[in-house]
$ cat upload_18.csv   # CSV, C-alpha atoms
chain,number,residue,atom,x,y,z
A,1050,MET,CA,-9.6,-22.9,24.7
A,1051,THR,CA,-7.1,-20.1,23.9
A,1052,SER,CA,-4.4,-19.0,26.2
A,1053,SER,CA,-6.3,-15.9,27.1
A,1054,SER,CA,-9.5,-17.7,27.9
A,1055,PRO,CA,-11.1,-16.6,31.2
A,1056,ASP,CA,-11.1,-19.0,34.1
A,1057,PHE,CA,-14.9,-19.6,34.4
A,1058,SER,CA,-14.6,-22.0,37.3
A,1059,ARG,CA,-12.7,-19.3,39.3
A,1060,ALA,CA,-15.1,-16.6,38.2
A,1061,ALA,CA,-18.1,-18.7,39.2
A,1062,ARG,CA,-16.7,-18.9,42.8
A,1063,THR,CA,-16.2,-15.2,43.2
A,1064,PRO,CA,-19.0,-12.8,44.0
A,1065,LEU,CA,-20.6,-10.9,41.2
A,1066,ARG,CA,-19.1,-7.3,41.2
A,1067,PRO,CA,-20.4,-5.6,38.1
A,1068,PHE,CA,-19.4,-2.1,39.2
A,1069,ALA,CA,-15.9,-3.2,40.2
A,1070,ASP,CA,-15.5,-5.1,36.9
A,1071,THR,CA,-16.6,-2.3,34.6
A,1072,SER,CA,-14.4,0.2,32.9
A,1073,LEU,CA,-14.6,3.1,30.5
A,1074,SER,CA,-13.4,0.8,27.6
A,1075,ALA,CA,-16.2,-1.7,28.5
A,1076,LEU,CA,-18.8,1.1,28.5
A,1077,VAL,CA,-17.6,2.4,25.1
A,1078,ALA,CA,-17.5,-1.1,23.6
A,1079,GLY,CA,-21.1,-1.6,24.7
A,1080,PHE,CA,-22.2,1.7,23.3
A,1081,VAL,CA,-20.4,1.1,19.9
A,1082,ALA,CA,-22.0,-2.4,19.8
A,1083,MET,CA,-25.4,-1.0,20.3
A,1084,MET,CA,-24.9,1.9,17.9
A,1085,THR,CA,-23.6,-0.5,15.2
A,1086,GLY,CA,-26.5,-2.9,15.7
A,1087,TYR,CA,-29.2,-0.1,15.3
A,1088,THR,CA,-27.6,1.8,12.5
A,1089,SER,CA,-26.8,-1.2,10.4
A,1090,SER,CA,-30.4,-2.4,10.0
A,1091,LEU,CA,-32.9,-0.2,11.7
A,1092,VAL,CA,-33.7,1.3,8.3
A,1093,LEU,CA,-34.8,-2.2,7.2
A,1094,MET,CA,-37.4,-2.2,10.0
A,1095,PHE,CA,-38.9,1.1,8.7
A,1096,GLN,CA,-38.8,-0.1,5.1
A,1097,ALA,CA,-40.6,-3.4,6.0
A,1098,GLY,CA,-43.1,-1.5,8.1
A,1099,ARG,CA,-43.9,1.0,5.4
A,1100,ALA,CA,-44.2,-1.7,2.8
A,1101,ALA,CA,-46.7,-3.5,5.0
A,1102,HIS,CA,-48.6,-0.3,5.7
A,1103,LEU,CA,-48.1,-0.5,9.4
A,1104,THR,CA,-48.8,2.6,11.5
A,1105,ASP,CA,-46.1,4.6,13.2
A,1106,ALA,CA,-47.3,3.3,16.5
A,1107,GLN,CA,-47.0,-0.4,15.3
A,1108,ILE,CA,-43.4,0.3,14.0
A,1109,SER,CA,-42.5,2.0,17.2
A,1110,SER,CA,-43.9,-1.0,19.2
A,1111,TRP,CA,-41.9,-3.4,16.9
A,1112,ILE,CA,-38.7,-1.5,17.8
A,1113,TRP,CA,-39.6,-1.4,21.5
A,1114,ALA,CA,-40.3,-5.2,21.6
A,1115,LEU,CA,-37.0,-6.1,20.0
A,1116,SER,CA,-35.1,-3.7,22.2
A,1117,MET,CA,-36.6,-5.0,25.4
A,1118,GLY,CA,-35.9,-8.6,24.4
A,1119,MET,CA,-32.3,-7.8,23.4
A,1120,ALA,CA,-31.7,-5.7,26.6
A,1121,LEU,CA,-33.1,-8.2,29.1
A,1122,CYS,CA,-31.5,-11.2,27.5
A,1123,THR,CA,-28.1,-9.5,27.0
A,1124,ILE,CA,-28.0,-8.2,30.6
A,1125,GLY,CA,-29.4,-11.4,32.2
A,1126,LEU,CA,-27.3,-13.9,30.2
A,1127,SER,CA,-24.1,-11.9,30.5
A,1128,LEU,CA,-24.4,-11.6,34.3
A,1129,ARG,CA,-25.5,-15.3,34.6
A,1130,PHE,CA,-22.6,-16.8,32.7
A,1131,ARG,CA,-20.0,-14.0,33.3
A,1132,ALA,CA,-19.4,-13.8,29.5
A,1133,PRO,CA,-20.0,-11.1,26.9
A,1134,ILE,CA,-23.2,-12.5,25.5
A,1135,VAL,CA,-24.8,-10.0,23.1
A,1136,ILE,CA,-28.3,-10.5,21.7
A,1137,ALA,CA,-29.5,-8.8,18.6
A,1138,TRP,CA,-32.4,-9.0,16.1
A,1139,SER,CA,-31.8,-10.8,12.8
A,1140,THR,CA,-30.8,-8.3,10.1
A,1141,PRO,CA,-31.3,-10.9,7.3
A,1142,GLY,CA,-34.6,-11.6,8.9
A,1143,ALA,CA,-35.6,-7.9,8.7
A,1144,ALA,CA,-34.5,-7.9,5.1
A,1145,LEU,CA,-36.6,-11.0,4.5
A,1146,LEU,CA,-39.7,-9.2,5.9
A,1147,VAL,CA,-39.3,-6.3,3.5
A,1148,SER,CA,-40.4,-8.5,0.7
A,1149,SER,CA,-42.7,-11.0,2.5
A,1150,LEU,CA,-44.6,-8.9,5.1
A,1151,PRO,CA,-46.8,-7.0,2.5
A,1152,HIS,CA,-48.2,-10.3,1.3
A,1153,VAL,CA,-49.8,-11.4,4.6
A,1154,THR,CA,-52.0,-9.6,7.2
A,1155,TYR,CA,-50.2,-8.2,10.2
A,1156,PRO,CA,-51.9,-10.7,12.7
A,1157,GLU,CA,-50.8,-13.5,10.4
A,1158,ALA,CA,-47.3,-12.2,10.5
A,1159,ILE,CA,-47.5,-12.2,14.3
A,1160,GLY,CA,-48.6,-15.8,14.2
A,1161,ALA,CA,-45.6,-16.6,12.0
A,1162,PHE,CA,-43.3,-14.9,14.5
A,1163,ILE,CA,-44.7,-17.1,17.3
A,1164,VAL,CA,-44.1,-20.3,15.2
A,1165,CYS,CA,-40.4,-19.2,14.6
A,1166,ALA,CA,-40.0,-18.5,18.4
A,1167,LEU,CA,-41.4,-21.9,19.3
A,1168,LEU,CA,-38.9,-23.6,16.9
A,1169,LEU,CA,-36.0,-21.7,18.4
A,1170,THR,CA,-37.1,-22.6,21.9
A,1171,VAL,CA,-37.4,-26.3,21.1
A,1172,VAL,CA,-33.9,-26.3,19.5
A,1173,GLY,CA,-32.5,-24.7,22.6
A,1174,LEU,CA,-34.2,-26.9,25.2
A,1175,THR,CA,-33.3,-30.1,23.4
A,1176,GLY,CA,-29.6,-29.3,23.1
A,1177,TRP,CA,-29.5,-30.1,19.4
A,1178,PHE,CA,-27.5,-26.9,18.8
A,1179,ASP,CA,-24.7,-27.9,21.1
A,1180,THR,CA,-24.4,-31.2,19.3
A,1181,LEU,CA,-24.1,-29.3,16.0
A,1182,MET,CA,-21.5,-26.9,17.3
A,1183,LYS,CA,-19.2,-29.6,18.6
A,1184,ARG,CA,-18.8,-31.0,15.1
A,1185,ILE,CA,-17.5,-27.7,13.7
A,1186,PRO,CA,-13.6,-27.6,13.6
A,1187,ALA,CA,-12.1,-24.7,15.5
A,1188,GLY,CA,-10.3,-23.3,12.5
A,1189,ILE,CA,-13.4,-23.2,10.4
A,1190,ALA,CA,-15.3,-21.4,13.2
A,1191,ALA,CA,-12.5,-18.9,13.5
A,1192,ALA,CA,-12.5,-18.3,9.7
A,1193,LEU,CA,-16.3,-17.9,9.8
A,1194,LEU,CA,-15.9,-15.1,12.4
A,1195,ALA,CA,-13.2,-13.4,10.4
A,1196,GLY,CA,-15.3,-13.5,7.2
A,1197,ILE,CA,-18.3,-12.1,8.9
A,1198,LEU,CA,-16.4,-9.2,10.4
A,1199,PHE,CA,-14.3,-8.5,7.3
A,1200,GLU,CA,-17.0,-6.8,5.3
A,1201,ILE,CA,-17.6,-4.4,8.2
A,1202,GLY,CA,-13.9,-3.9,8.7
A,1203,ILE,CA,-13.3,-2.7,5.1
A,1204,GLU,CA,-16.1,-0.1,5.3
A,1205,ILE,CA,-13.7,2.4,6.8
A,1206,PHE,CA,-11.6,2.4,3.6
A,1207,ARG,CA,-14.7,2.7,1.4
A,1208,ALA,CA,-15.9,5.6,3.5
A,1209,ALA,CA,-12.5,7.3,3.0
A,1210,GLN,CA,-13.4,7.8,-0.7
A,1211,PHE,CA,-16.3,10.1,0.2
A,1212,GLN,CA,-15.4,11.6,3.6
A,1213,THR,CA,-11.6,11.6,3.3
A,1214,ALA,CA,-10.8,14.2,6.0
A,1215,LEU,CA,-13.1,12.7,8.6
A,1216,VAL,CA,-12.0,9.1,8.1
A,1217,LEU,CA,-8.3,10.0,8.0
A,1218,ALA,CA,-8.6,12.0,11.2
A,1219,MET,CA,-10.3,9.1,12.9
A,1220,PHE,CA,-7.8,6.5,11.6
A,1221,PHE,CA,-4.7,8.4,12.7
A,1222,THR,CA,-6.3,9.2,16.0
A,1223,TYR,CA,-6.9,5.5,16.5
A,1224,LEU,CA,-3.3,4.6,15.6
A,1225,ILE,CA,-1.7,7.2,17.8
A,1226,ILE,CA,-3.9,6.4,20.9
A,1227,LYS,CA,-3.5,2.7,20.2
A,1228,ARG,CA,0.3,3.2,20.4
A,1229,PHE,CA,0.3,5.0,23.8
A,1230,ALA,CA,-3.0,4.2,25.5
A,1231,PRO,CA,-4.7,1.3,23.7
A,1232,ARG,CA,-7.6,0.9,26.2
A,1233,TYR,CA,-8.9,4.4,25.2
A,1234,ALA,CA,-8.3,4.1,21.4
A,1235,ILE,CA,-12.0,3.6,20.4
A,1236,VAL,CA,-13.5,6.2,22.8
A,1237,THR,CA,-11.0,8.8,21.8
A,1238,THR,CA,-11.6,8.1,18.1
A,1239,LEU,CA,-15.3,8.4,18.6
A,1240,VAL,CA,-14.9,11.8,20.4
A,1241,VAL,CA,-12.5,13.1,17.8
A,1242,GLY,CA,-14.7,11.8,14.9
A,1243,THR,CA,-17.7,13.6,16.3
A,1244,ALA,CA,-15.8,16.8,16.8
A,1245,VAL,CA,-14.4,16.7,13.2
A,1246,ALA,CA,-17.8,15.9,11.8
A,1247,GLY,CA,-19.2,18.9,13.6
A,1248,ALA,CA,-16.4,21.1,12.3
A,1249,LEU,CA,-17.0,19.9,8.8
A,1250,GLY,CA,-20.8,20.6,9.1
A,1251,LEU,CA,-21.7,16.9,8.8
A,1252,LEU,CA,-23.9,16.7,11.9
A,1253,ASP,CA,-27.6,17.3,11.2
A,1254,PHE,CA,-30.0,17.4,14.1
A,1255,SER,CA,-32.9,19.1,12.2
A,1256,HIS,CA,-35.0,15.9,12.2
A,1257,PHE,CA,-34.2,14.8,15.8
A,1258,HIS,CA,-37.1,14.5,18.2
A,1259,VAL,CA,-37.8,12.7,21.4
A,1260,ALA,CA,-40.8,10.4,21.8
A,1261,LEU,CA,-41.5,7.5,24.2
A,1262,ALA,CA,-42.5,4.2,22.7
A,1263,VAL,CA,-45.9,2.7,23.6
A,1264,PRO,CA,-46.4,-1.1,23.1
A,1265,VAL,CA,-49.2,-2.1,20.8
A,1266,LEU,CA,-50.6,-5.6,21.4
A,1267,THR,CA,-51.7,-7.5,18.3
A,1268,LEU,CA,-53.5,-10.8,18.7
A,1269,PRO,CA,-52.0,-13.5,16.4
A,1270,SER,CA,-53.8,-15.2,13.5
A,1271,PHE,CA,-52.2,-18.4,12.1
A,1272,SER,CA,-52.1,-19.4,8.4
A,1273,VAL,CA,-50.1,-22.0,6.5
A,1274,SER,CA,-49.0,-19.4,3.9
A,1275,ALA,CA,-47.6,-17.0,6.6
A,1276,VAL,CA,-45.8,-19.8,8.4
A,1277,ILE,CA,-44.2,-21.1,5.2
A,1278,SER,CA,-43.3,-17.7,3.8
A,1279,ILE,CA,-42.3,-16.0,7.0
A,1280,GLY,CA,-42.1,-18.3,10.1
A,1281,ILE,CA,-39.9,-21.1,8.8
A,1282,PRO,CA,-37.5,-18.9,6.7
A,1283,LEU,CA,-37.1,-16.6,9.8
A,1284,PHE,CA,-36.1,-19.7,11.8
A,1285,VAL,CA,-33.6,-20.9,9.2
A,1286,VAL,CA,-32.1,-17.4,8.9
A,1287,ALA,CA,-31.8,-17.0,12.7
A,1288,MET,CA,-30.1,-20.3,13.1
A,1289,ALA,CA,-27.8,-20.1,10.1
A,1290,SER,CA,-26.9,-16.4,9.9
A,1291,GLN,CA,-27.1,-15.4,13.6
A,1292,ASN,CA,-26.8,-18.2,16.1
A,1293,VAL,CA,-24.1,-20.3,14.4
A,1294,PRO,CA,-21.7,-17.3,13.9
A,1295,GLY,CA,-22.8,-15.9,17.3
A,1296,ILE,CA,-21.5,-19.0,19.1
A,1297,ALA,CA,-18.4,-19.0,16.8
A,1298,VAL,CA,-17.6,-15.5,18.1
A,1299,LEU,CA,-17.7,-16.6,21.7
A,1300,ARG,CA,-15.7,-19.7,21.0
A,1301,ALA,CA,-13.0,-17.8,19.0
A,1302,ASP,CA,-12.3,-15.7,22.1
A,1303,GLY,CA,-12.2,-18.6,24.4
A,1304,TYR,CA,-15.7,-18.5,26.0
A,1305,GLN,CA,-17.1,-22.0,26.3
A,1306,THR,CA,-20.5,-20.9,27.4
A,1307,PRO,CA,-23.1,-23.6,26.7
A,1308,SER,CA,-25.2,-22.6,23.8
A,1309,ALA,CA,-28.5,-24.5,24.7
A,1310,PRO,CA,-29.6,-22.0,27.4
A,1311,LEU,CA,-28.7,-19.1,25.2
A,1312,ILE,CA,-30.8,-20.3,22.3
A,1313,ALA,CA,-33.7,-21.3,24.6
A,1314,THR,CA,-33.7,-18.0,26.4
A,1315,THR,CA,-33.9,-16.0,23.1
A,1316,GLY,CA,-36.6,-18.3,21.9
A,1317,VAL,CA,-38.8,-17.7,25.0
A,1318,ALA,CA,-38.1,-13.9,24.9
A,1319,SER,CA,-39.1,-13.9,21.2
A,1320,LEU,CA,-42.3,-15.9,22.0
A,1321,LEU,CA,-43.4,-13.4,24.8
A,1322,LEU,CA,-42.7,-10.3,22.7
A,1323,ALA,CA,-44.0,-11.5,19.3
A,1324,PRO,CA,-47.6,-10.1,19.9
A,1325,PHE,CA,-46.0,-6.6,20.3
A,1326,GLY,CA,-44.2,-6.9,16.9
A,1327,SER,CA,-40.9,-8.7,17.6
A,1328,HIS,CA,-39.9,-10.9,14.7
A,1329,GLY,CA,-37.3,-12.5,17.0
A,1330,VAL,CA,-34.1,-12.0,18.9
A,1331,ASN,CA,-31.0,-14.2,18.6
A,1332,LEU,CA,-27.3,-14.3,19.3
A,1333,ALA,CA,-25.3,-11.4,17.8
A,1334,ALA,CA,-22.1,-11.9,15.8
A,1335,ILE,CA,-20.6,-8.7,14.6
A,1336,THR,CA,-21.7,-6.6,17.6
A,1337,ALA,CA,-20.8,-9.4,19.9
A,1338,ALA,CA,-17.2,-9.3,18.6
A,1339,MET,CA,-17.0,-5.7,19.8
A,1340,CYS,CA,-17.5,-6.9,23.4
A,1341,THR,CA,-15.4,-10.1,23.3
A,1342,GLY,CA,-12.1,-8.6,22.2
A,1343,ARG,CA,-9.3,-6.9,24.1
A,1344,GLU,CA,-10.7,-3.4,23.2
A,1345,ALA,CA,-13.6,-4.1,25.6
A,1346,HIS,CA,-11.3,-5.0,28.6
A,1347,GLU,CA,-7.8,-6.4,29.1
A,1348,ASP,CA,-9.1,-9.0,31.4
A,1349,PRO,CA,-11.3,-11.6,29.5
A,1350,SER,CA,-13.2,-12.5,32.7
A,1351,LYS,CA,-14.4,-8.9,33.0
A,1352,ARG,CA,-15.5,-8.3,29.4
A,1353,TYR,CA,-19.0,-9.4,30.3
A,1354,MET,CA,-19.6,-5.8,31.5
A,1355,ALA,CA,-19.2,-4.6,27.9
A,1356,ALA,CA,-22.2,-6.7,27.0
A,1357,VAL,CA,-24.1,-5.5,30.1
A,1358,TRP,CA,-23.6,-1.9,29.0
A,1359,CYS,CA,-24.7,-2.8,25.5
A,1360,GLY,CA,-27.9,-4.2,27.1
A,1361,VAL,CA,-28.4,-1.0,29.2
A,1362,PHE,CA,-28.1,1.1,26.0
A,1363,TYR,CA,-30.6,-1.3,24.3
A,1364,LEU,CA,-33.0,-0.6,27.2
A,1365,ILE,CA,-32.7,3.2,26.8
A,1366,ALA,CA,-33.1,2.9,23.0
A,1367,GLY,CA,-36.2,0.8,23.4
A,1368,ILE,CA,-37.9,3.1,25.8
A,1369,PHE,CA,-37.6,6.0,23.4
A,1370,GLY,CA,-38.5,3.8,20.4
A,1371,ALA,CA,-37.9,5.5,17.1
A,1372,THR,CA,-36.0,8.4,18.7
A,1373,ILE,CA,-32.8,6.4,18.5
A,1374,ALA,CA,-33.1,6.2,14.7
A,1375,ALA,CA,-33.4,10.0,14.5
A,1376,LEU,CA,-30.3,10.4,16.7
A,1377,PHE,CA,-28.2,8.1,14.7
A,1378,GLY,CA,-29.6,9.6,11.5
A,1379,SER,CA,-28.0,12.9,12.7
A,1380,LEU,CA,-24.5,11.4,12.5
A,1381,PRO,CA,-22.7,10.9,9.2
A,1382,LYS,CA,-22.6,7.3,8.0
A,1383,ALA,CA,-18.8,7.5,7.6
A,1384,LEU,CA,-18.4,8.2,11.3
A,1385,VAL,CA,-20.5,5.2,12.3
A,1386,VAL,CA,-19.0,2.7,10.0
A,1387,SER,CA,-15.4,3.8,10.8
A,1388,VAL,CA,-15.8,3.5,14.5
A,1389,ALA,CA,-17.4,0.0,14.0
A,1390,ALA,CA,-14.6,-1.1,11.7
A,1391,LEU,CA,-11.8,0.1,14.0
A,1392,ALA,CA,-13.5,-1.6,17.0
A,1393,LEU,CA,-13.4,-4.9,15.0
A,1394,PHE,CA,-9.7,-4.9,13.9
A,1395,GLY,CA,-8.6,-7.0,16.9
A,1396,SER,CA,-11.3,-9.6,16.4
A,1397,ILE,CA,-10.5,-9.9,12.7
A,1398,MET,CA,-6.8,-10.4,13.5
A,1399,SER,CA,-7.7,-13.0,16.1
A,1400,GLY,CA,-10.0,-14.9,13.8
A,1401,LEU,CA,-7.5,-15.0,10.9
A,1402,THR,CA,-4.7,-16.1,13.3
A,1403,ASN,CA,-6.7,-18.9,14.9
A,1404,ALA,CA,-8.1,-20.0,11.5
A,1405,MET,CA,-4.6,-20.7,10.1
A,1406,GLN,CA,-3.1,-22.5,13.2
A,1407,ASP,CA,-3.9,-26.1,12.2
A,1408,ALA,CA,-2.3,-27.1,8.9
A,1409,ARG,CA,-5.0,-29.7,8.2
A,1410,GLN,CA,-7.8,-27.1,8.4
A,1411,ARG,CA,-6.1,-24.2,6.6
A,1412,GLU,CA,-7.6,-24.7,3.2
A,1413,ALA,CA,-11.0,-25.3,4.5
A,1414,ALA,CA,-10.7,-22.3,6.7
A,1415,LEU,CA,-9.6,-20.2,3.7
A,1416,VAL,CA,-12.7,-21.3,1.7
A,1417,THR,CA,-14.9,-20.5,4.7
A,1418,PHE,CA,-13.4,-17.1,5.0
A,1419,MET,CA,-13.7,-16.3,1.3
A,1420,VAL,CA,-17.3,-17.5,0.9
A,1421,THR,CA,-18.4,-15.7,4.0
A,1422,ALA,CA,-16.6,-12.4,3.2
A,1423,SER,CA,-18.1,-12.5,-0.4
A,1424,GLY,CA,-21.6,-11.6,0.8
A,1425,LEU,CA,-23.1,-14.5,-1.1
A,1426,THR,CA,-26.8,-15.0,-0.6
A,1427,LEU,CA,-28.8,-18.0,-1.9
A,1428,LEU,CA,-32.4,-19.0,-1.1
A,1429,SER,CA,-32.6,-15.9,1.2
A,1430,ILE,CA,-29.9,-17.3,3.4
A,1431,GLY,CA,-26.8,-15.2,4.0
A,1432,SER,CA,-23.1,-15.9,3.3
A,1433,ALA,CA,-22.3,-17.0,6.9
A,1434,PHE,CA,-24.3,-20.2,6.4
A,1435,TRP,CA,-22.9,-20.9,3.0
A,1436,GLY,CA,-19.4,-20.2,4.1
A,1437,LEU,CA,-19.8,-22.7,6.9
A,1438,VAL,CA,-21.2,-25.3,4.5
A,1439,ALA,CA,-18.4,-24.7,2.0
A,1440,GLY,CA,-15.7,-25.0,4.7
A,1441,LEU,CA,-17.1,-28.2,6.1
A,1442,VAL,CA,-17.4,-29.8,2.7
A,1443,THR,CA,-13.8,-28.8,1.8
A,1444,HIS,CA,-12.6,-30.1,5.2
A,1445,ALA,CA,-14.4,-33.4,4.7
A,1446,VAL,CA,-13.1,-33.9,1.2
A,1447,LEU,CA,-9.5,-33.0,1.9
A,1448,ASN,CA,-9.2,-35.0,5.0
A,1449,ALA,CA,-10.9,-38.0,3.5
A,1450,ARG,CA,-8.3,-37.9,0.7
A,1451,ARG,CA,-5.4,-37.7,3.2
A,1452,GLY,CA,-6.9,-40.5,5.3
$ encode --input "upload_18.csv" --output "structure tokens"
Amino acid sequence: MTSSSPDFSRAARTPLRPFADTSLSALVAGFVAMMTGYTSSLVLMFQAGRAAHLTDAQISSWIWALSMGMALCTIGLSLRFRAPIVIAWSTPGAALLVSSLPHVTYPEAIGAFIVCALLLTVVGLTGWFDTLMKRIPAGIAAALLAGILFEIGIEIFRAAQFQTALVLAMFFTYLIIKRFAPRYAIVTTLVVGTAVAGALGLLDFSHFHVALAVPVLTLPSFSVSAVISIGIPLFVVAMASQNVPGIAVLRADGYQTPSAPLIATTGVASLLLAPFGSHGVNLAAITAAMCTGREAHEDPSKRYMAAVWCGVFYLIAGIFGATIAALFGSLPKALVVSVAALALFGSIMSGLTNAMQDARQREAALVTFMVTASGLTLLSIGSAFWGLVAGLVTHAVLNARRG
């Protein structure tokens, strides 16, 4: 555990005081985490839904189900363990559905979602995941975190090529406020960025509309082809690309929360919400890092409120269904990616620092970071999994040689 790790034994003995523990920085961190989660992959949901010829009501129900699962799990688990536990849907899973969903009927897809949720629940209840995580060296886990966040972090500099004035205004605002009032750096940057975007005529609310989501129940139908093409791949992607790096994010910032109840809870939530369209919720990685770092709160034991606020915003987004997509669509992409990148600077620095502390793990950590940051995708499994595999193999080979 790092020197800044929260004292969970002391926190467990003190009364739960969410309102006393909250802060403006925690609220903003929760909002930015929610905003990043939705804007990064919500378009994939619509793309998959349209490819499978789902109705607007079914797509809205899909978003509602995911949002409710993420909201209730994030709020409940964060309050239960006094840790910033952020739950998200699987972005690689949504990408997988774009190509696989059109080839099965929607009830068969629902059946495949249920099978995936059952597998997640079993892994959580049996504690197999905890056993796996204990075998991953700390340096490799930290490098995995840094590699995952790196691709998001550099988006601000890519955005500067196309919206130079907006990005530079946000970047220098961040630097100046970080120098004199670091707790308010992100919120001030968000406000200034929105104002500058408005002044530059980059805000477009012409397609914005408000509509409440209505859950649509679909009875499942089970088929071997759907389970093989959707259910099992979704399970593998959720474990390799979401849950493993999600736990790595918590561990990198000193939170030793047991993973078994987290995995089991997300599995049960996914199971209950699958008939309404949810393809599964799991631990977040990138958005979780926005709530575990110092930008969320100076006191690590109070950062759980950043995740709670994220859950509250999930709840609001879910109630209004597709409305949130129209709202985020009104903001320029450069603003969204820049705020997300700046919010992750601290976590990237922490990950790289921790990755290089142990001389015996440095080369393996470097390989993990490079493969993960490369964006490599093989067999429909993202770079986080392959970065972890490459790092563990490198570590095993080098240490076997030295032994």
$ closest_atom_pairs --input "upload_18.csv" --of "region 1313-1359 of chain A" --to "region 1159-1182 of chain A" --cutoff "8 Å" --atoms "all atoms listed in the file" --output "CSV"
residue,atom,partner,partner_atom,distance
A:Ala1313,CA,A:Gly1173,CA,4.1
A:Thr1314,CA,A:Thr1170,CA,7.3
A:Thr1315,CA,A:Thr1170,CA,7.4
A:Gly1316,CA,A:Thr1170,CA,4.3
A:Val1317,CA,A:Thr1170,CA,6.0
A:Ser1319,CA,A:Ala1166,CA,5.5
A:Leu1320,CA,A:Ala1166,CA,5.0
A:Ala1323,CA,A:Phe1162,CA,5.9
A:Pro1324,CA,A:Ile1159,CA,6.0
A:Gly1326,CA,A:Ile1159,CA,6.8
A:Ser1327,CA,A:Phe1162,CA,7.3
A:His1328,CA,A:Phe1162,CA,5.3
A:Gly1329,CA,A:Ala1166,CA,6.7
$ atom_distance --input "upload_18.csv" --atom1 "CA of Asp1302 (chain A)" --atom2 "CA of Thr1085 (chain A)"
20.2 Å
$ closest_residue --input "upload_18.csv" --among "A:Ser1399, A:Gln1305, A:Thr1443, A:Thr1213" --to "Ala1192 (chain A)" --atoms "all atoms listed in the file"
A:Ser1399
$ closest_residue --input "upload_18.csv" --among "A:Ala1078, A:Met1084, A:Leu1428, A:Ile1279" --to "Ile1365 (chain A)" --atoms "only C-alpha atoms"
A:Met1084
$ atom_distance --input "upload_18.csv" --atom1 "CA of Val1265 (chain A)" --atom2 "CA of Leu1146 (chain A)"
19.0 Å
$ atom_distance --input "upload_18.csv" --atom1 "CA of Arg1099 (chain A)" --atom2 "CA of Ile1368 (chain A)"
21.4 Å
$ closest_residue --input "upload_18.csv" --among "A:Thr1341, A:Gly1400, A:Ser1379, A:Ser1139" --to "His1258 (chain A)" --atoms "only C-alpha atoms"
A:Ser1379
$ closest_residue --input "upload_18.csv" --among "A:Gly1098, A:Val1273, A:Pro1310, A:Ile1281" --to "Cys1122 (chain A)" --atoms "only C-alpha atoms"
A:Pro1310
$ closest_atom_pairs --input "upload_18.csv" --of "region 1303-1339 of chain A" --to "region 1123-1135 of chain A" --cutoff "10 Å" --atoms "only C-alpha atoms" --output "CSV"
residue,atom,partner,partner_atom,distance
A:Tyr1304,CA,A:Ala1132,CA,6.9
A:Gln1305,CA,A:Ala1132,CA,9.1
A:Thr1306,CA,A:Phe1130,CA,7.0
A:Pro1307,CA,A:Phe1130,CA,9.1
A:Pro1310,CA,A:Leu1126,CA,8.9
A:Leu1311,CA,A:Leu1126,CA,7.3
A:Thr1314,CA,A:Leu1126,CA,8.5
A:Thr1315,CA,A:Thr1123,CA,9.5
A:Asn1331,CA,A:Val1135,CA,8.7
A:Leu1332,CA,A:Val1135,CA,6.3
A:Ala1333,CA,A:Val1135,CA,5.5
A:Ala1334,CA,A:Val1135,CA,8.0
A:Ile1335,CA,A:Val1135,CA,9.6
A:Thr1336,CA,A:Val1135,CA,7.2
A:Ala1337,CA,A:Val1135,CA,5.2
A:Ala1338,CA,A:Val1135,CA,8.9
A:Met1339,CA,A:Pro1133,CA,9.4
$ residues_around --input "upload_18.csv" --residues "Glu1200 (chain A)" --least-positions-apart "5" --cutoff "9 Å" --atoms "only C-alpha atoms" --output "PDB file with C-alpha atoms, keeping the file's coordinate frame"
ATOM      1  CA  ALA A1390     -14.600  -1.100  11.700  1.00  0.00           C
ATOM      2  CA  ALA A1422     -16.600 -12.400   3.200  1.00  0.00           C
ATOM      3  CA  SER A1423     -18.100 -12.500  -0.400  1.00  0.00           C
ATOM      4  CA  GLY A1424     -21.600 -11.600   0.800  1.00  0.00           C
TER       5      GLY A1424
END
$ decode --input "upload_18.csv" --residues "region 1129-1136 of chain A" --atoms "N, CA and C atoms" --output "mmCIF file, in the first residue's frame"
data_model
loop_
_atom_site.group_PDB
_atom_site.id
_atom_site.type_symbol
_atom_site.label_atom_id
_atom_site.label_comp_id
_atom_site.auth_asym_id
_atom_site.auth_seq_id
_atom_site.Cartn_x
_atom_site.Cartn_y
_atom_site.Cartn_z
ATOM 1 N N ARG A 1129 -20.423 1.438 0.741
ATOM 2 C CA ARG A 1129 -20.180 0.228 1.531
ATOM 3 C C ARG A 1129 -18.707 0.086 1.902
ATOM 4 N N PHE A 1130 -17.801 0.330 0.948
ATOM 5 C CA PHE A 1130 -16.376 0.101 1.184
ATOM 6 C C PHE A 1130 -15.590 1.392 1.421
ATOM 7 N N ARG A 1131 -16.250 2.550 1.408
ATOM 8 C CA ARG A 1131 -15.581 3.840 1.598
ATOM 9 C C ARG A 1131 -14.414 4.001 0.626
ATOM 10 N N ALA A 1132 -14.626 3.608 -0.603
ATOM 11 C CA ALA A 1132 -13.596 3.692 -1.639
ATOM 12 C C ALA A 1132 -14.249 4.163 -2.937
ATOM 13 N N PRO A 1133 -13.496 4.865 -3.789
ATOM 14 C CA PRO A 1133 -14.061 5.364 -5.056
ATOM 15 C C PRO A 1133 -14.210 4.249 -6.086
ATOM 16 N N ILE A 1134 -15.262 3.478 -5.970
ATOM 17 C CA ILE A 1134 -15.503 2.337 -6.864
ATOM 18 C C ILE A 1134 -16.474 2.778 -7.955
ATOM 19 N N VAL A 1135 -15.978 2.924 -9.159
ATOM 20 C CA VAL A 1135 -16.787 3.381 -10.280
ATOM 21 C C VAL A 1135 -17.111 2.188 -11.178
ATOM 22 N N ILE A 1136 -18.382 2.067 -11.516
ATOM 23 C CA ILE A 1136 -18.845 0.993 -12.393
ATOM 24 C C ILE A 1136 -19.192 1.587 -13.755
#
